[in-house]
Structures are given as structure tokens and as C-alpha cells.
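Colleague: So that we are looking at the same thing, I have put the structure below in C-alpha cells.
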Amino acid sequence: VRIRDLLSPLPSSPAEKMSIKGFVSSPNPEVRDAVIHPVSRRRNLQEQQGVTQIPLDEALSREDIHAAIVSTENSSHEDYVRKFLEAGKHVCVEYPMALSYAAAVELFRLADEKGKVLHVEHIELLAADYRQLKKEVCGKSLQEGSLHFTAGPVAPGFGSLAFSGISRLTWLVDLFGELSVTGAKLTEEPEKKYTKLTAHLLTQDRRSLTWIEERGPGLRRNKTIDLRFDSGRVDQLPAVPRDPVGLFAQDLRIFGRKLLGQVATEALQAERKRVLHCLQLADRISQLVQAPQQSAS
């Protein structure tokens with residue numbers, strides 16, 4: 001999809017100024033084979049959509065390559081982002097940018113040091129149903145709410161549920177502002193490949209939010225919301241027409257605008273603050289669910 005959008009950019013968008021030089025499909029030496037899902041193992045693909053596969057070292061060293069888009073399993077994001085930044089390249093990385101808050105802070109610091117754009121894709125904020133939901137709840141006073149996501153099992157290499165599901169956490173932060181974690185519980189049935197994370201959150205004005213991430217065989221990919229406001233209740237995602245422009249094409253347009261310096265500093269700072277806050281929440285949730293397991297052992 002990324003290659004397709006680069007080859008056929010949106011008319012009159014910054015993406016028209018980009019040209020694709022190649023793609024990399026190589027093993028990440030920082031990730032053990034045991035944690036990489038078989039479908040994620042790097043393959044020799046030769047050519048895709050007329051674009052040539054090139055070695056990672058070549059992508060890092062070539063002077064005519066100015067930016068990289070990282071679309072790999074979550075556990076390798078941090079390593080690839082660091083490599084390309086250190087090589088002096090701009091980077092677009094799919095969420096989560098790293099599997100810890102501390103690593104993300106360090107990557108942003110490195111990007112600043114190198115004077116390069118580090119863009120973290122969050123296409124969940126670009127979806128038509130979410131944009132409409134945000135309009136519907138804008139200005140309303142939340143009393144309490146929940147967001148429940150279900151899907152099939154998480155593939156190895158994609159991190160804990162708090163990180164693999166960070167797009168749902170991002171929804172809640174984007175809708176209701178900065179949050180704090182008051183509790184978290186993880187239910188696991190490894191033999192059934194079933195996991196369920198329940199996190200309890202508070203808004204800044206002490207309103208309760210519950211985030212549930214449930215993954216297992218046979219579970220349909222679905223989001224269920226129940227948001228109670230002083231003026232009523234929203235318990236269904238808006239039914240809206242599908243956006244004619246793909247989400248990754250929209251994201252590429254945003255990345256291009258950043259490369260051209262067309263995004264205000266204040267907006268960049270607010271986005272970074274949100275990204276880091278969500279990763280900090282995910283860190284805290286992971287710590288809380290690990291503590292009982294460590295005590296039991």
C-alpha cells in the first residue's frame with residue numbers, strides 16, 4: 001500500500017514531490033527469529049509494483065535517499081527508526097514508534113539532534129467514523145465511558161496488548177485529553193491464544209474510562225463504545241461513507257507537509273506530546289499487569 005501510494009500520489013499533494021528509490025526487506029539483527037511471526041520474516045521479493053528491492057546498507061548510505069517509511073512488526077520499529085535517523089534520513093514510522101516511552105523520547109531527541117522529521121503514523125485518527133465521532137462528542141461533558149476492541153490473536157513481535165492496541169488508547173486521549181491509569185488486569189489463556197486487557201483510566205476532571213482489548217481465535221474485528229455524557233449517551237460508532245482517499249495516502253500527505261515545513265510548530269509539539277503521553281500510559285499499564293505475574297512467580 002505504501003509503494004502504491006508513492007507511485008500514485010494524491011494530485012496537488014506534497015507526496016507528488018516524492019519519488020520512490022526502492023524498498024528494503026531484510027532481517028532485523030536486533031530481533032530474535034523466535035519472536036518474529038512466520039509471515040513477518042524478511043523475504044527476497046526482488047521487485048514489487050515495478051520497484052526494486054535494495055539492501056538495508058544501501059538504503060542507509062545512498063545520498064539520493066532522503067527519507068524512509070518503516071512498516072514492519074512493532075518490535076523492530078525502534079531499531080529501524082534509529083538506524084535511518086543516524087544515517088541522516090527523515091522517517092515515517094507506523095505506530096507504535098517504539099515499545100517503551102523511554103525509547104520514544106530518545107528517538108525524538110535523536111531526530112531533533114539530526115534536524116530530521118520523525119513522523120509517527122496514526123491513521124486511526126484519520127478514519128471517517130472517528131472524525132465524525134469526535135464532532136459528535138465535542139463540547140459534551142463526559143460522565144463515564146468505555147471502549148472495547150476485539151480481534152484475532154496478536155502475532156508475535158507486536159508487543160503487549162497495551163502497545164499493539166495503542167491506537168485505541170490514542171482515540172481516548174484525543175477525545176478526552178490526558179489520562180491517568182488507576183488499574184489494569186491481564187487475562188491470558190496461552191493454550192487458546194486468548195488474551196484480554198482491561199485498563200481503568202481517569203480524565204483530568206476525574207471521569208472514569210475503561211479500555212478493553214480482547215484478542216483470540218474467532219473474535220471478529222470490532223470496536224464497541226459506550227460514552228455517557230451529561231446530555232445523553234453515545235453507544236454506537238457513526239455510520240458514515242467510506243473516505244474516497246485511503247488512510248495511508250492521507251498519512252503520506254501529512255508526512256509530506258512536514259517535510260516541506262508546512263505544519264506549524266505548535267501542531268508538531270502537540271502531536272509529539274500526545275504520542276509520548278500514550279506511550280507513557282501504555283508503559284504504566286504494562287507495568288501494572290506484569291507486577292501480579294512477577295509476584296506469583
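Following the order of the C-alpha cells, first chain is A, next is B, and so on, with residues numbered from 1 inside each chain and ligands from 1 in the order they appear.
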Compile the contact shell of Val1 in chain A as a ChimeraX atom specification: residues with an atom at most 9 Å away, counting only C-alpha atoms, same-chain residues fewer than 4 positions apart removed.

Modeller: /A:5-6,248-249

Colleague: Would you kindly return, as a PyMOL selection string, each protein, DNA or RNA residue with an atom no farther than 12 Å from any atom of Thr170 in chain A, considering only C-alpha atoms and excluding same-chain residues fewer than 3 positions away?

Modeller: chain A and resi 95-96+121-126+130+147+162-167+173-179+211+271+273-282

Colleague: Kindly export the residues of the current selection with N, CA, C and O atoms, as a CSV table (one decimal), in the first residue's frame.

Modeller:
```
chain,number,residue,atom,x,y,z
A,95,TYR,N,2.6,3.3,13.9
A,95,TYR,CA,2.5,3.2,15.4
A,95,TYR,C,2.6,1.7,15.8
A,95,TYR,O,2.3,0.8,15.1
A,96,PRO,N,3.1,1.5,17.1
A,96,PRO,CA,3.8,2.4,18.0
A,96,PRO,C,5.2,2.6,17.5
A,96,PRO,O,5.8,1.7,17.0
A,121,GLU,N,2.9,7.6,12.3
A,121,GLU,CA,1.6,7.4,11.7
A,121,GLU,C,0.5,7.0,12.7
A,121,GLU,O,0.8,6.1,13.5
A,122,HIS,N,-0.6,7.7,12.7
A,122,HIS,CA,-1.8,7.3,13.5
A,122,HIS,C,-3.0,7.4,12.6
A,122,HIS,O,-3.8,8.3,12.8
A,123,ILE,N,-3.2,6.4,11.7
A,123,ILE,CA,-4.3,6.5,10.8
A,123,ILE,C,-5.7,6.4,11.4
A,123,ILE,O,-6.7,6.7,10.9
A,124,GLU,N,-5.7,5.8,12.7
A,124,GLU,CA,-7.0,5.7,13.4
A,124,GLU,C,-7.6,7.0,13.6
A,124,GLU,O,-8.9,7.1,13.7
A,125,LEU,N,-6.8,8.1,13.7
A,125,LEU,CA,-7.4,9.5,13.8
A,125,LEU,C,-7.9,10.0,12.5
A,125,LEU,O,-8.6,11.1,12.5
A,126,LEU,N,-7.6,9.4,11.4
A,126,LEU,CA,-8.0,9.9,10.1
A,126,LEU,C,-9.2,9.2,9.6
A,126,LEU,O,-9.8,9.7,8.6
A,130,TYR,N,-14.2,7.9,13.0
A,130,TYR,CA,-13.7,8.5,14.1
A,130,TYR,C,-13.8,10.0,14.0
A,130,TYR,O,-14.2,10.7,15.0
A,147,LEU,N,-14.4,1.7,26.0
A,147,LEU,CA,-14.1,1.3,24.6
A,147,LEU,C,-13.6,-0.1,24.6
A,147,LEU,O,-12.6,-0.4,25.3
A,162,ALA,N,-1.1,-3.5,25.5
A,162,ALA,CA,-1.1,-2.1,25.7
A,162,ALA,C,-0.4,-1.3,24.6
A,162,ALA,O,-0.7,-0.1,24.3
A,163,PHE,N,0.6,-1.9,23.9
A,163,PHE,CA,1.3,-1.3,22.8
A,163,PHE,C,0.7,-1.7,21.5
A,163,PHE,O,0.5,-0.8,20.6
A,164,SER,N,0.3,-2.9,21.3
A,164,SER,CA,-0.2,-3.3,20.0
A,164,SER,C,-1.6,-2.6,19.8
A,164,SER,O,-2.0,-2.4,18.7
A,165,GLY,N,-2.3,-2.3,20.9
A,165,GLY,CA,-3.6,-1.7,20.8
A,165,GLY,C,-3.5,-0.2,21.1
A,165,GLY,O,-4.6,0.4,21.4
A,166,ILE,N,-2.4,0.4,20.9
A,166,ILE,CA,-2.2,1.8,21.3
A,166,ILE,C,-3.1,2.8,20.4
A,166,ILE,O,-3.4,3.9,20.9
A,167,SER,N,-3.6,2.3,19.3
A,167,SER,CA,-4.5,3.2,18.5
A,167,SER,C,-5.8,3.5,19.3
A,167,SER,O,-6.4,4.5,19.2
A,173,VAL,N,-7.4,9.4,24.3
A,173,VAL,CA,-6.6,10.6,24.6
A,173,VAL,C,-7.0,11.8,23.7
A,173,VAL,O,-7.2,12.9,24.2
A,174,ASP,N,-7.2,11.5,22.5
A,174,ASP,CA,-7.5,12.6,21.5
A,174,ASP,C,-8.9,13.1,21.8
A,174,ASP,O,-9.2,14.3,21.6
A,175,LEU,N,-9.8,12.3,22.3
A,175,LEU,CA,-11.2,12.7,22.6
A,175,LEU,C,-11.3,13.4,23.9
A,175,LEU,O,-12.0,14.4,24.0
A,176,PHE,N,-10.6,12.9,25.0
A,176,PHE,CA,-10.8,13.4,26.3
A,176,PHE,C,-9.6,14.0,27.0
A,176,PHE,O,-9.7,14.3,28.2
A,177,GLY,N,-8.5,14.2,26.3
A,177,GLY,CA,-7.3,14.8,26.9
A,177,GLY,C,-6.5,13.8,27.6
A,177,GLY,O,-6.7,12.6,27.6
A,178,GLU,N,-5.5,14.3,28.3
A,178,GLU,CA,-4.5,13.5,29.1
A,178,GLU,C,-5.2,12.7,30.1
A,178,GLU,O,-6.1,13.1,30.8
A,179,LEU,N,-4.8,11.4,30.3
A,179,LEU,CA,-5.4,10.5,31.2
A,179,LEU,C,-4.4,10.0,32.2
A,179,LEU,O,-3.2,10.1,32.0
A,211,TRP,N,-10.9,0.8,29.2
A,211,TRP,CA,-10.4,0.4,27.9
A,211,TRP,C,-10.2,-1.2,27.9
A,211,TRP,O,-9.4,-1.6,28.8
A,271,GLU,N,1.3,17.2,18.8
A,271,GLU,CA,1.3,15.8,18.3
A,271,GLU,C,2.3,15.0,19.0
A,271,GLU,O,2.0,13.9,19.5
A,273,LYS,N,3.6,15.5,22.0
A,273,LYS,CA,3.1,15.4,23.3
A,273,LYS,C,2.1,14.3,23.5
A,273,LYS,O,2.1,13.5,24.4
A,274,ARG,N,1.1,14.2,22.5
A,274,ARG,CA,0.1,13.2,22.5
A,274,ARG,C,0.7,11.8,22.3
A,274,ARG,O,0.4,10.8,23.1
A,275,VAL,N,1.6,11.7,21.4
A,275,VAL,CA,2.3,10.4,21.1
A,275,VAL,C,3.0,9.9,22.3
A,275,VAL,O,2.9,8.7,22.7
A,276,LEU,N,3.8,10.8,23.0
A,276,LEU,CA,4.6,10.3,24.1
A,276,LEU,C,3.7,10.0,25.3
A,276,LEU,O,3.9,9.1,26.1
A,277,HIS,N,2.6,10.8,25.5
A,277,HIS,CA,1.7,10.6,26.6
A,277,HIS,C,1.1,9.2,26.4
A,277,HIS,O,1.0,8.4,27.4
A,278,CYS,N,0.6,8.8,25.2
A,278,CYS,CA,0.0,7.5,25.0
A,278,CYS,C,1.0,6.4,25.3
A,278,CYS,O,0.7,5.3,25.9
A,279,LEU,N,2.3,6.6,24.9
A,279,LEU,CA,3.3,5.5,25.2
A,279,LEU,C,3.6,5.4,26.6
A,279,LEU,O,3.8,4.4,27.2
A,280,GLN,N,3.5,6.6,27.3
A,280,GLN,CA,3.7,6.6,28.8
A,280,GLN,C,2.6,5.8,29.5
A,280,GLN,O,2.8,5.0,30.4
A,281,LEU,N,1.4,6.0,29.0
A,281,LEU,CA,0.2,5.3,29.6
A,281,LEU,C,0.4,3.8,29.3
A,281,LEU,O,0.1,2.9,30.2
A,282,ALA,N,0.8,3.4,28.1
A,282,ALA,CA,1.0,2.0,27.7
A,282,ALA,C,2.1,1.4,28.6
A,282,ALA,O,1.9,0.2,29.0
```

Colleague: Neighbouring residues of Lys89 in chain A were defined as those with any atom within 12 Å, considering only C-alpha atoms; residues of the same chain fewer than 4 positions away were excluded. Please report them as a PyMOL selection string.

Modeller: chain A and resi 59-70+80-85+110-112+114-119+259

Colleague: I need the chosen residues saved as a tab-separated table (two decimals), in the first residue's frame, with C-alpha atoms.

Modeller:
```tsv
chain	number	residue	atom	x	y	z
A	59	ALA	CA	19.26	2.50	1.76
A	60	LEU	CA	21.17	3.92	4.71
A	61	SER	CA	24.20	5.10	2.73
A	62	ARG	CA	22.77	6.41	-0.55
A	63	GLU	CA	22.81	10.21	-0.76
A	64	ASP	CA	19.81	10.29	-3.11
A	65	ILE	CA	17.62	8.64	-0.45
A	66	HIS	CA	16.35	11.30	1.93
A	67	ALA	CA	13.53	9.57	3.82
A	68	ALA	CA	12.32	6.14	4.89
A	69	ILE	CA	8.91	4.70	5.76
A	70	VAL	CA	9.07	1.93	8.37
A	80	TYR	CA	14.97	0.81	12.11
A	81	VAL	CA	13.99	4.35	13.11
A	82	ARG	CA	17.28	4.79	14.95
A	83	LYS	CA	19.31	3.45	12.01
A	84	PHE	CA	17.70	5.79	9.48
A	85	LEU	CA	17.90	8.84	11.75
A	110	LEU	CA	17.86	11.99	18.05
A	111	ALA	CA	15.58	13.39	15.34
A	112	ASP	CA	15.96	16.87	16.83
A	114	LYS	CA	19.90	15.43	13.39
A	115	GLY	CA	17.41	18.08	12.29
A	116	LYS	CA	15.16	15.44	10.71
A	117	VAL	CA	11.41	14.83	10.62
A	118	LEU	CA	10.21	11.87	12.68
A	119	HIS	CA	6.56	11.32	11.83
A	259	LEU	CA	9.00	17.56	5.08
```

Colleague: Considering only C-alpha atoms, return as JSON, numbers by chain whatever protein or nucleic-acid residues lie within 12 Å of Ser12 in chain A, sequence-local ones (same chain, fewer than 3 positions apart) excluded.

Modeller: {"A": [8, 9, 15, 16, 17, 253, 256, 257]}

Colleague: Using only C-alpha atoms, which residues sit within 10 Å of range 231-233 of chain A once same-chain residues fewer than 6 positions away are excluded, as a PyMOL selection string?

Modeller: chain A and resi 137+140-145

Colleague: Tell me, as a PyMOL selection string, which residues lie within 7 Å of range 214-227 of chain A, counting only C-alpha atoms; anything in the same chain fewer than 2 positions away does not count.

Modeller: chain A and resi 144-154+193-197+212+229+233-236

Colleague: Let's see if you can do this: from backbone DSSP, list all strand (DSSP E) residues in range 187-293 of chain A, as a CSV table (one decimal) with all heavy atoms, in the first residue's frame.

Modeller:
```csv
chain,number,residue,atom,x,y,z
A,187,THR,N,-5.8,-11.0,31.4
A,187,THR,CA,-6.2,-12.4,31.4
A,187,THR,C,-5.6,-13.1,30.2
A,187,THR,O,-5.7,-12.6,29.1
A,187,THR,CB,-7.7,-12.5,31.4
A,187,THR,OG1,-8.3,-11.8,32.5
A,187,THR,CG2,-8.2,-14.0,31.4
A,188,GLU,N,-4.9,-14.2,30.5
A,188,GLU,CA,-4.2,-14.9,29.4
A,188,GLU,C,-4.6,-16.4,29.5
A,188,GLU,O,-4.6,-17.0,30.6
A,188,GLU,CB,-2.7,-14.8,29.5
A,188,GLU,CG,-2.2,-13.4,29.3
A,188,GLU,CD,-0.7,-13.3,29.3
A,188,GLU,OE1,-0.1,-13.5,30.5
A,188,GLU,OE2,0.0,-13.2,28.3
A,189,GLU,N,-4.9,-17.0,28.3
A,189,GLU,CA,-5.0,-18.4,28.2
A,189,GLU,C,-4.2,-18.8,27.0
A,189,GLU,O,-4.6,-19.0,25.9
A,189,GLU,CB,-6.5,-18.8,27.9
A,189,GLU,CG,-7.4,-18.4,29.1
A,189,GLU,CD,-8.8,-18.8,28.9
A,189,GLU,OE1,-9.1,-19.8,28.1
A,189,GLU,OE2,-9.7,-18.1,29.4
A,194,TYR,N,-5.6,-16.8,23.7
A,194,TYR,CA,-6.6,-15.8,24.1
A,194,TYR,C,-5.9,-14.8,25.1
A,194,TYR,O,-5.3,-15.3,26.1
A,194,TYR,CB,-7.8,-16.5,24.7
A,194,TYR,CG,-8.8,-15.5,25.3
A,194,TYR,CD1,-9.7,-14.8,24.5
A,194,TYR,CD2,-8.7,-15.2,26.7
A,194,TYR,CE1,-10.6,-13.9,25.1
A,194,TYR,CE2,-9.6,-14.3,27.2
A,194,TYR,CZ,-10.6,-13.7,26.4
A,194,TYR,OH,-11.5,-12.8,27.0
A,195,THR,N,-6.1,-13.5,24.9
A,195,THR,CA,-5.7,-12.5,25.9
A,195,THR,C,-6.7,-11.4,26.0
A,195,THR,O,-7.4,-11.1,25.0
A,195,THR,CB,-4.3,-11.9,25.5
A,195,THR,OG1,-4.4,-11.4,24.1
A,195,THR,CG2,-3.2,-12.9,25.6
A,196,LYS,N,-6.8,-10.9,27.2
A,196,LYS,CA,-7.7,-9.8,27.4
A,196,LYS,C,-7.1,-8.8,28.4
A,196,LYS,O,-6.7,-9.2,29.5
A,196,LYS,CB,-9.1,-10.3,28.0
A,196,LYS,CG,-10.1,-9.2,28.2
A,196,LYS,CD,-11.4,-9.8,28.8
A,196,LYS,CE,-12.4,-8.7,29.1
A,196,LYS,NZ,-13.7,-9.3,29.6
A,197,LEU,N,-7.0,-7.6,28.0
A,197,LEU,CA,-6.5,-6.5,28.8
A,197,LEU,C,-7.7,-5.6,29.2
A,197,LEU,O,-8.4,-5.1,28.3
A,197,LEU,CB,-5.4,-5.7,28.1
A,197,LEU,CG,-5.0,-4.4,28.7
A,197,LEU,CD1,-4.2,-4.7,30.0
A,197,LEU,CD2,-4.1,-3.6,27.7
A,198,THR,N,-7.8,-5.3,30.5
A,198,THR,CA,-8.7,-4.3,31.0
A,198,THR,C,-8.0,-3.2,31.7
A,198,THR,O,-7.3,-3.5,32.7
A,198,THR,CB,-9.8,-4.9,31.9
A,198,THR,OG1,-10.4,-6.0,31.2
A,198,THR,CG2,-10.8,-3.9,32.3
A,199,ALA,N,-8.0,-2.0,31.2
A,199,ALA,CA,-7.3,-0.8,31.9
A,199,ALA,C,-8.3,0.2,32.3
A,199,ALA,O,-9.3,0.5,31.6
A,199,ALA,CB,-6.4,-0.2,30.9
A,200,HIS,N,-8.2,0.7,33.5
A,200,HIS,CA,-9.0,1.7,34.1
A,200,HIS,C,-8.3,3.0,34.1
A,200,HIS,O,-7.2,3.1,34.6
A,200,HIS,CB,-9.4,1.3,35.5
A,200,HIS,CG,-10.2,0.0,35.6
A,200,HIS,ND1,-11.5,-0.1,35.2
A,200,HIS,CD2,-9.8,-1.3,36.0
A,200,HIS,CE1,-11.9,-1.4,35.3
A,200,HIS,NE2,-10.9,-2.1,35.8
A,201,LEU,N,-8.9,4.0,33.5
A,201,LEU,CA,-8.3,5.3,33.3
A,201,LEU,C,-9.2,6.4,33.9
A,201,LEU,O,-10.4,6.3,34.1
A,201,LEU,CB,-8.1,5.6,31.8
A,201,LEU,CG,-7.5,4.4,31.0
A,201,LEU,CD1,-7.8,4.6,29.5
A,201,LEU,CD2,-6.0,4.4,31.3
A,202,LEU,N,-8.5,7.6,34.2
A,202,LEU,CA,-9.2,8.7,34.7
A,202,LEU,C,-8.9,9.9,33.8
A,202,LEU,O,-7.7,10.1,33.5
A,202,LEU,CB,-8.9,9.1,36.1
A,202,LEU,CG,-9.6,8.3,37.3
A,202,LEU,CD1,-9.1,8.8,38.6
A,202,LEU,CD2,-11.1,8.4,37.2
A,208,SER,N,-14.3,8.5,34.8
A,208,SER,CA,-13.8,7.1,34.6
A,208,SER,C,-13.9,6.7,33.1
A,208,SER,O,-15.0,6.8,32.5
A,208,SER,CB,-14.5,6.2,35.5
A,208,SER,OG,-14.1,4.8,35.3
A,209,LEU,N,-12.9,6.1,32.6
A,209,LEU,CA,-12.9,5.4,31.3
A,209,LEU,C,-12.3,4.0,31.4
A,209,LEU,O,-11.3,3.8,32.2
A,209,LEU,CB,-12.0,6.2,30.3
A,209,LEU,CG,-12.6,7.5,29.8
A,209,LEU,CD1,-11.5,8.3,29.0
A,209,LEU,CD2,-13.8,7.2,28.8
A,210,THR,N,-12.9,3.1,30.8
A,210,THR,CA,-12.4,1.7,30.7
A,210,THR,C,-12.1,1.3,29.3
A,210,THR,O,-12.9,1.5,28.4
A,210,THR,CB,-13.5,0.7,31.3
A,210,THR,OG1,-13.9,1.1,32.6
A,210,THR,CG2,-13.0,-0.7,31.3
A,211,TRP,N,-10.9,0.8,29.2
A,211,TRP,CA,-10.4,0.4,27.9
A,211,TRP,C,-10.2,-1.2,27.9
A,211,TRP,O,-9.4,-1.6,28.8
A,211,TRP,CB,-9.1,1.1,27.5
A,211,TRP,CG,-8.4,0.5,26.3
A,211,TRP,CD1,-9.0,-0.1,25.2
A,211,TRP,CD2,-7.0,0.3,26.1
A,211,TRP,NE1,-8.0,-0.5,24.3
A,211,TRP,CE2,-6.8,-0.3,24.8
A,211,TRP,CE3,-5.9,0.7,26.9
A,211,TRP,CZ2,-5.5,-0.6,24.3
A,211,TRP,CZ3,-4.6,0.4,26.4
A,211,TRP,CH2,-4.4,-0.2,25.1
A,212,ILE,N,-10.9,-1.9,27.0
A,212,ILE,CA,-10.7,-3.3,27.0
A,212,ILE,C,-10.2,-3.8,25.6
A,212,ILE,O,-10.7,-3.3,24.6
A,212,ILE,CB,-12.1,-4.0,27.2
A,212,ILE,CG1,-12.7,-3.6,28.6
A,212,ILE,CG2,-11.9,-5.6,27.1
A,212,ILE,CD1,-14.1,-4.1,28.8
A,213,GLU,N,-9.2,-4.5,25.6
A,213,GLU,CA,-8.5,-5.0,24.4
A,213,GLU,C,-8.6,-6.6,24.5
A,213,GLU,O,-8.0,-7.2,25.4
A,213,GLU,CB,-7.1,-4.6,24.3
A,213,GLU,CG,-6.4,-4.7,23.0
A,213,GLU,CD,-6.7,-3.6,22.0
A,213,GLU,OE1,-7.4,-2.6,22.4
A,213,GLU,OE2,-6.3,-3.7,20.9
A,214,GLU,N,-9.4,-7.2,23.6
A,214,GLU,CA,-9.6,-8.6,23.7
A,214,GLU,C,-9.2,-9.3,22.4
A,214,GLU,O,-9.8,-9.0,21.4
A,214,GLU,CB,-11.1,-8.9,24.1
A,214,GLU,CG,-11.4,-10.3,24.4
A,214,GLU,CD,-12.8,-10.5,24.9
A,214,GLU,OE1,-13.6,-9.5,24.8
A,214,GLU,OE2,-13.2,-11.6,25.4
A,215,ARG,N,-8.3,-10.3,22.5
A,215,ARG,CA,-7.8,-10.9,21.3
A,215,ARG,C,-7.9,-12.4,21.4
A,215,ARG,O,-7.4,-13.0,22.4
A,215,ARG,CB,-6.4,-10.5,21.0
A,215,ARG,CG,-6.1,-9.0,21.0
A,215,ARG,CD,-6.8,-8.3,19.8
A,215,ARG,NE,-6.3,-8.7,18.6
A,215,ARG,CZ,-5.4,-8.0,17.8
A,215,ARG,NH1,-4.9,-6.8,18.3
A,215,ARG,NH2,-5.0,-8.4,16.7
A,222,ASN,N,-13.7,-5.7,15.8
A,222,ASN,CA,-14.9,-4.8,16.1
A,222,ASN,C,-14.5,-3.8,17.3
A,222,ASN,O,-13.8,-4.2,18.2
A,222,ASN,CB,-16.1,-5.6,16.5
A,222,ASN,CG,-17.3,-4.8,16.7
A,222,ASN,OD1,-17.7,-4.1,15.8
A,222,ASN,ND2,-18.0,-4.9,17.8
A,223,LYS,N,-15.1,-2.6,17.2
A,223,LYS,CA,-15.0,-1.7,18.3
A,223,LYS,C,-16.4,-1.4,18.8
A,223,LYS,O,-17.3,-1.2,18.1
A,223,LYS,CB,-14.4,-0.3,17.8
A,223,LYS,CG,-13.0,-0.4,17.4
A,223,LYS,CD,-12.5,1.1,17.1
A,223,LYS,CE,-11.2,1.1,16.4
A,223,LYS,NZ,-11.4,0.9,14.9
A,224,THR,N,-16.5,-1.4,20.2
A,224,THR,CA,-17.8,-1.1,20.8
A,224,THR,C,-17.5,0.1,21.8
A,224,THR,O,-16.6,0.0,22.6
A,224,THR,CB,-18.3,-2.3,21.6
A,224,THR,OG1,-18.5,-3.4,20.8
A,224,THR,CG2,-19.7,-2.0,22.3
A,225,ILE,N,-18.3,1.1,21.7
A,225,ILE,CA,-18.2,2.2,22.6
A,225,ILE,C,-19.4,2.4,23.4
A,225,ILE,O,-20.5,2.1,23.0
A,225,ILE,CB,-17.9,3.6,21.8
A,225,ILE,CG1,-19.0,3.9,20.8
A,225,ILE,CG2,-16.6,3.5,21.1
A,225,ILE,CD1,-18.9,5.3,20.2
A,226,ASP,N,-19.2,3.0,24.6
A,226,ASP,CA,-20.3,3.4,25.5
A,226,ASP,C,-19.9,4.6,26.2
A,226,ASP,O,-19.2,4.5,27.2
A,226,ASP,CB,-20.7,2.2,26.4
A,226,ASP,CG,-22.0,2.5,27.2
A,226,ASP,OD1,-22.6,3.6,27.0
A,226,ASP,OD2,-22.4,1.7,28.1
A,227,LEU,N,-20.3,5.8,25.7
A,227,LEU,CA,-19.8,7.0,26.3
A,227,LEU,C,-21.0,7.8,26.8
A,227,LEU,O,-22.0,8.1,26.1
A,227,LEU,CB,-19.1,7.9,25.2
A,227,LEU,CG,-18.0,7.2,24.5
A,227,LEU,CD1,-17.5,8.1,23.3
A,227,LEU,CD2,-16.8,6.9,25.4
A,228,ARG,N,-21.0,8.0,28.1
A,228,ARG,CA,-22.2,8.7,28.8
A,228,ARG,C,-21.8,10.1,29.1
A,228,ARG,O,-20.8,10.4,29.8
A,228,ARG,CB,-22.5,7.9,30.0
A,228,ARG,CG,-22.9,6.4,29.7
A,228,ARG,CD,-23.3,5.7,31.0
A,228,ARG,NE,-23.5,4.3,30.6
A,228,ARG,CZ,-23.9,3.3,31.5
A,228,ARG,NH1,-24.1,3.7,32.8
A,228,ARG,NH2,-24.1,2.1,31.1
A,229,PHE,N,-22.6,11.0,28.7
A,229,PHE,CA,-22.4,12.4,28.9
A,229,PHE,C,-23.6,13.0,29.7
A,229,PHE,O,-24.6,12.3,29.8
A,229,PHE,CB,-22.3,13.2,27.5
A,229,PHE,CG,-21.2,12.7,26.6
A,229,PHE,CD1,-21.5,11.7,25.7
A,229,PHE,CD2,-20.0,13.2,26.7
A,229,PHE,CE1,-20.4,11.2,24.9
A,229,PHE,CE2,-18.9,12.8,25.9
A,229,PHE,CZ,-19.2,11.7,25.0
A,232,GLY,N,-26.6,13.0,27.4
A,232,GLY,CA,-27.0,11.8,26.7
A,232,GLY,C,-26.0,10.8,26.6
A,232,GLY,O,-24.9,10.8,27.3
A,233,ARG,N,-26.2,9.9,25.7
A,233,ARG,CA,-25.3,8.7,25.6
A,233,ARG,C,-24.9,8.4,24.1
A,233,ARG,O,-25.8,8.5,23.2
A,233,ARG,CB,-26.0,7.5,26.2
A,233,ARG,CG,-25.2,6.2,26.2
A,233,ARG,CD,-26.1,5.2,26.9
A,233,ARG,NE,-25.4,3.9,27.1
A,233,ARG,CZ,-25.9,2.8,27.7
A,233,ARG,NH1,-27.1,2.9,28.2
A,233,ARG,NH2,-25.3,1.7,27.8
A,234,VAL,N,-23.7,8.1,23.9
A,234,VAL,CA,-23.3,7.6,22.5
A,234,VAL,C,-22.7,6.2,22.7
A,234,VAL,O,-21.7,6.0,23.3
A,234,VAL,CB,-22.1,8.6,22.0
A,234,VAL,CG1,-21.7,8.0,20.6
A,234,VAL,CG2,-22.6,10.0,21.9
```

Colleague: As JSON, numbers by chain, which residues of range 42-274 of chain A does DSSP assign to alpha helix (DSSP H)?

Modeller: {"A": [56, 57, 58, 59, 60, 61, 77, 78, 79, 80, 81, 82, 83, 84, 85, 86, 101, 102, 103, 104, 105, 106, 107, 108, 109, 110, 111, 112, 113, 114, 128, 129, 130, 131, 132, 133, 134, 135, 136, 137, 161, 162, 163, 164, 166, 167, 168, 169, 170, 171, 172, 173, 174, 175, 176, 247, 248, 249, 250, 251, 252, 253, 254, 255, 256, 257, 258, 259, 265, 266, 267, 268, 269, 270, 271, 272, 273, 274]}

Colleague: Taking only C-alpha atoms into account, name the residue in A:Glu58, A:Pro244, A:Val120, A:Ser286 that is nearest to Glu78 in chain A.

Modeller: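 Closest to Glu78 in chain A, using only C-alpha atoms: A:Val120.
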